[in-house]
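This report refers to the structure that appears directly beneath it.
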Amino acid sequence: MPFPPTPTGESSSHSGNCHCGAVRFSFTISPPLHEYPANSCNCSICTKNGYLLVYPSTKDLTIERGEDVLKDYHFTERKVKHRFCGECGSSCFICPPDEGFRITAVNVRLLQDIDIEKLIINKVDGRSVGKEYKV
């Protein structure tokens with residue numbers, strides 16, 4: 001399957017929030033979430049933060065509340081922006097560099113009424129990509 005998956009004629013809409021509710025967001029994704037493989041990556045940041053990611057088009061993601069409390073974290077080459085709630089620390093989004101990417105990775109664990117057991121999980125070996133990150 002291509003990454004991200006090729007959009008289909010069907011989509012689904014979702015709402016989510018960080019743990020404390022300071023950050024609220026919504027997005028539409030195609031194919032619909034029940035057909036969209038969520039990435040579970042074993043790289044250092046995904047493992048530490050428990051990310052389970054889908055990749056809606058940035059234009060289809062709306063941060064409804066909390067843009068002002070979102071904080072950014074960068075590491076290694078400092079190109080990718082990991083966004084988390086500055087109040088409760090929930091890992092919310094990953095924003096790739098503005099180099100042709102038009103997607104934002106969304107942590108589906110923050111979605112309202114989500115049943116993780118019903119998702120298609122795609123295991124990604126991010127640990128093997130690039131230089132190993134160590135503290």
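Starting from 1 in every chain, residues are counted up; chains themselves are A, B, ... following the order of the structure tokens, and ligands are numbered from 1 as listed.
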
**OP:** Determine, counting only C-alpha atoms, which protein, DNA and RNA residues have an atom within 9 Å of an atom of Glu35 in chain A; residues of the same chain fewer than 4 positions away are not included. Present the result as a PyMOL selection string.
**Re:** chain A and resi 30-31+119-120

Let me see the file: selected residues, N, CA, C and O atoms, as an mmCIF file, in the first residue's frame.
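Done, and the output landed in again.cif:
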data_model
loop_
_atom_site.group_PDB
_atom_site.id
_atom_site.type_symbol
_atom_site.label_atom_id
_atom_site.label_comp_id
_atom_site.auth_asym_id
_atom_site.auth_seq_id
_atom_site.Cartn_x
_atom_site.Cartn_y
_atom_site.Cartn_z
ATOM 1 N N SER A 30 -9.274 10.140 3.904
ATOM 2 C CA SER A 30 -9.669 9.199 2.863
ATOM 3 C C SER A 30 -8.444 8.355 2.527
ATOM 4 O O SER A 30 -7.362 8.904 2.326
ATOM 5 N N PRO A 31 -8.622 7.022 2.487
ATOM 6 C CA PRO A 31 -9.847 6.268 2.745
ATOM 7 C C PRO A 31 -10.311 6.456 4.186
ATOM 8 O O PRO A 31 -9.565 6.958 5.020
ATOM 9 N N LEU A 119 -8.902 -0.952 14.472
ATOM 10 C CA LEU A 119 -8.088 -0.319 13.438
ATOM 11 C C LEU A 119 -7.180 -1.327 12.745
ATOM 12 O O LEU A 119 -6.788 -2.344 13.335
ATOM 13 N N ILE A 120 -6.827 -1.015 11.524
ATOM 14 C CA ILE A 120 -5.798 -1.765 10.807
ATOM 15 C C ILE A 120 -4.469 -1.160 11.255
ATOM 16 O O ILE A 120 -4.234 0.038 11.087
#

**OP:** Find the residues near Ala22 in chain A: any atom within 10 Å, counting only C-alpha atoms, skip ones fewer than 5 places away on the same chain, and give them as a PyMOL selection string.
**Re:** chain A and resi 17+64-70+85-88

**OP:** For range 46-58 of chain A, work out the shell of residues within 7 Å, counting only C-alpha atoms and skipping chain neighbours fewer than 5 positions away, then give it as a PyMOL selection string.
**Re:** chain A and resi 4+28-29+38-41+91+102-109

Requested write-out: all heavy atoms of the selected residues, as an mmCIF file, in the first residue's frame:
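Produced file selection.cif, reproduced below:
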data_model
loop_
_atom_site.group_PDB
_atom_site.id
_atom_site.type_symbol
_atom_site.label_atom_id
_atom_site.label_comp_id
_atom_site.auth_asym_id
_atom_site.auth_seq_id
_atom_site.Cartn_x
_atom_site.Cartn_y
_atom_site.Cartn_z
ATOM 1 N N PRO A 4 1.279 8.150 2.010
ATOM 2 C CA PRO A 4 0.072 7.687 2.681
ATOM 3 C C PRO A 4 -0.832 7.000 1.675
ATOM 4 O O PRO A 4 -0.622 7.129 0.472
ATOM 5 C CB PRO A 4 -0.550 8.959 3.254
ATOM 6 C CG PRO A 4 -0.077 10.042 2.353
ATOM 7 C CD PRO A 4 1.289 9.615 1.872
ATOM 8 N N THR A 28 -10.791 15.188 8.326
ATOM 9 C CA THR A 28 -11.429 14.241 7.418
ATOM 10 C C THR A 28 -10.304 13.476 6.749
ATOM 11 O O THR A 28 -9.251 14.054 6.435
ATOM 12 C CB THR A 28 -12.282 14.986 6.376
ATOM 13 O OG1 THR A 28 -13.271 15.743 7.066
ATOM 14 C CG2 THR A 28 -12.960 14.017 5.420
ATOM 15 N N ILE A 29 -10.506 12.180 6.562
ATOM 16 C CA ILE A 29 -9.453 11.350 5.987
ATOM 17 C C ILE A 29 -10.048 10.393 4.951
ATOM 18 O O ILE A 29 -11.175 9.922 5.099
ATOM 19 C CB ILE A 29 -8.698 10.584 7.105
ATOM 20 C CG1 ILE A 29 -7.380 10.038 6.596
ATOM 21 C CG2 ILE A 29 -9.564 9.514 7.735
ATOM 22 C CD1 ILE A 29 -6.432 9.636 7.697
ATOM 23 N N ALA A 38 -3.198 2.517 10.348
ATOM 24 C CA ALA A 38 -2.548 3.413 11.308
ATOM 25 C C ALA A 38 -1.146 2.883 11.560
ATOM 26 O O ALA A 38 -0.955 1.698 11.816
ATOM 27 C CB ALA A 38 -3.343 3.459 12.604
ATOM 28 N N ASN A 39 -0.159 3.761 11.481
ATOM 29 C CA ASN A 39 1.234 3.348 11.651
ATOM 30 C C ASN A 39 1.641 3.287 13.116
ATOM 31 O O ASN A 39 1.485 4.250 13.855
ATOM 32 C CB ASN A 39 2.170 4.300 10.910
ATOM 33 C CG ASN A 39 2.229 4.013 9.431
ATOM 34 O OD1 ASN A 39 1.795 2.969 8.974
ATOM 35 N ND2 ASN A 39 2.766 4.946 8.668
ATOM 36 N N SER A 40 2.171 2.143 13.496
ATOM 37 C CA SER A 40 2.780 1.938 14.801
ATOM 38 C C SER A 40 4.264 1.752 14.538
ATOM 39 O O SER A 40 4.680 0.728 14.002
ATOM 40 C CB SER A 40 2.183 0.700 15.470
ATOM 41 O OG SER A 40 2.837 0.446 16.684
ATOM 42 N N CYS A 41 5.055 2.751 14.875
ATOM 43 C CA CYS A 41 6.477 2.785 14.533
ATOM 44 C C CYS A 41 7.325 2.480 15.770
ATOM 45 O O CYS A 41 6.963 2.851 16.881
ATOM 46 C CB CYS A 41 6.795 4.174 13.976
ATOM 47 S SG CYS A 41 8.520 4.440 13.549
ATOM 48 N N SER A 91 0.955 13.965 23.210
ATOM 49 C CA SER A 91 1.560 14.068 21.883
ATOM 50 C C SER A 91 0.442 14.071 20.848
ATOM 51 O O SER A 91 -0.292 13.095 20.727
ATOM 52 C CB SER A 91 2.495 12.889 21.644
ATOM 53 O OG SER A 91 3.543 12.920 22.587
ATOM 54 N N ARG A 102 2.328 17.572 2.302
ATOM 55 C CA ARG A 102 1.062 18.259 2.550
ATOM 56 C C ARG A 102 0.187 17.436 3.484
ATOM 57 O O ARG A 102 -1.017 17.408 3.358
ATOM 58 C CB ARG A 102 0.354 18.520 1.227
ATOM 59 C CG ARG A 102 1.103 19.515 0.372
ATOM 60 C CD ARG A 102 0.380 19.852 -0.902
ATOM 61 N NE ARG A 102 1.100 20.871 -1.626
ATOM 62 C CZ ARG A 102 2.032 20.625 -2.533
ATOM 63 N NH1 ARG A 102 2.363 19.390 -2.815
ATOM 64 N NH2 ARG A 102 2.648 21.614 -3.154
ATOM 65 N N ILE A 103 0.861 16.744 4.384
ATOM 66 C CA ILE A 103 0.163 15.908 5.353
ATOM 67 C C ILE A 103 0.602 16.297 6.757
ATOM 68 O O ILE A 103 1.669 16.879 6.944
ATOM 69 C CB ILE A 103 0.434 14.402 5.129
ATOM 70 C CG1 ILE A 103 1.937 14.114 5.198
ATOM 71 C CG2 ILE A 103 -0.188 13.915 3.832
ATOM 72 C CD1 ILE A 103 2.315 12.653 5.169
ATOM 73 N N THR A 104 -0.232 15.973 7.723
ATOM 74 C CA THR A 104 0.119 16.109 9.131
ATOM 75 C C THR A 104 -0.197 14.774 9.787
ATOM 76 O O THR A 104 -1.299 14.249 9.618
ATOM 77 C CB THR A 104 -0.702 17.227 9.805
ATOM 78 O OG1 THR A 104 -0.397 18.467 9.168
ATOM 79 C CG2 THR A 104 -0.374 17.331 11.289
ATOM 80 N N ALA A 105 0.749 14.234 10.491
ATOM 81 C CA ALA A 105 0.507 12.982 11.208
ATOM 82 C C ALA A 105 -0.304 13.294 12.465
ATOM 83 O O ALA A 105 0.033 14.196 13.217
ATOM 84 C CB ALA A 105 1.829 12.321 11.572
ATOM 85 N N VAL A 106 -1.376 12.547 12.658
ATOM 86 C CA VAL A 106 -2.269 12.739 13.800
ATOM 87 C C VAL A 106 -2.225 11.479 14.662
ATOM 88 O O VAL A 106 -2.347 10.362 14.152
ATOM 89 C CB VAL A 106 -3.718 13.015 13.341
ATOM 90 C CG1 VAL A 106 -4.660 13.099 14.527
ATOM 91 C CG2 VAL A 106 -3.780 14.291 12.505
ATOM 92 N N ASN A 107 -2.073 11.667 15.962
ATOM 93 C CA ASN A 107 -2.073 10.558 16.905
ATOM 94 C C ASN A 107 -3.520 10.112 17.137
ATOM 95 O O ASN A 107 -4.272 10.794 17.828
ATOM 96 C CB ASN A 107 -1.417 10.992 18.216
ATOM 97 C CG ASN A 107 -1.225 9.853 19.175
ATOM 98 O OD1 ASN A 107 -1.597 8.717 18.910
ATOM 99 N ND2 ASN A 107 -0.642 10.159 20.326
ATOM 100 N N VAL A 108 -3.902 8.970 16.565
ATOM 101 C CA VAL A 108 -5.297 8.521 16.664
ATOM 102 C C VAL A 108 -5.691 8.129 18.084
ATOM 103 O O VAL A 108 -6.875 8.036 18.389
ATOM 104 C CB VAL A 108 -5.632 7.363 15.692
ATOM 105 C CG1 VAL A 108 -5.471 7.785 14.259
ATOM 106 C CG2 VAL A 108 -4.826 6.126 15.978
ATOM 107 N N ARG A 109 -4.729 7.964 18.961
ATOM 108 C CA ARG A 109 -5.064 7.661 20.354
ATOM 109 C C ARG A 109 -5.821 8.814 21.017
ATOM 110 O O ARG A 109 -6.433 8.628 22.058
ATOM 111 C CB ARG A 109 -3.807 7.332 21.148
ATOM 112 C CG ARG A 109 -3.130 6.055 20.686
ATOM 113 C CD ARG A 109 -1.958 5.712 21.568
ATOM 114 N NE ARG A 109 -1.195 4.595 21.040
ATOM 115 C CZ ARG A 109 -1.508 3.319 21.195
ATOM 116 N NH1 ARG A 109 -2.587 2.985 21.862
ATOM 117 N NH2 ARG A 109 -0.754 2.372 20.675
#

**OP:** Just the alpha helix (DSSP H) stuff from chain A, please, per backbone DSSP, written as JSON, numbers by chain.
**Re:** {"A": [44, 45, 46, 47, 48, 49]}

**OP:** Record the distance separating CA of Val124 in chain A and CA of Phe75 in chain A, expressed in Å with one decimal.
**Re:** 19.4 Å

Original post:
Separation of CA of Leu61 in chain A and CA of Ser44 in chain A, in Å?
Top reply: 25.6 Å

Subject >> Shell around His34 in chain A at 12 Å using only C-alpha atoms, local window under 6 positions removed, as a ChimeraX atom specification >> reply: /A:10-14,54,108,114-121

**OP:** Any chance you could list, as an MDAnalysis selection string, the residues in chain A that come up strand (DSSP E or B) when DSSP is run on the backbone?
**Re:** chainID A and resid 12:17 24:29 38:41 53:54 57 61:65 70:73 81:85 91:95 103 105:107 111 121:124

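The closest residue to Phe84 in chain A, picked from A:Asp72, A:Asn122, A:Pro7, A:Lys134 and counting only C-alpha atoms, is A:Asp72.
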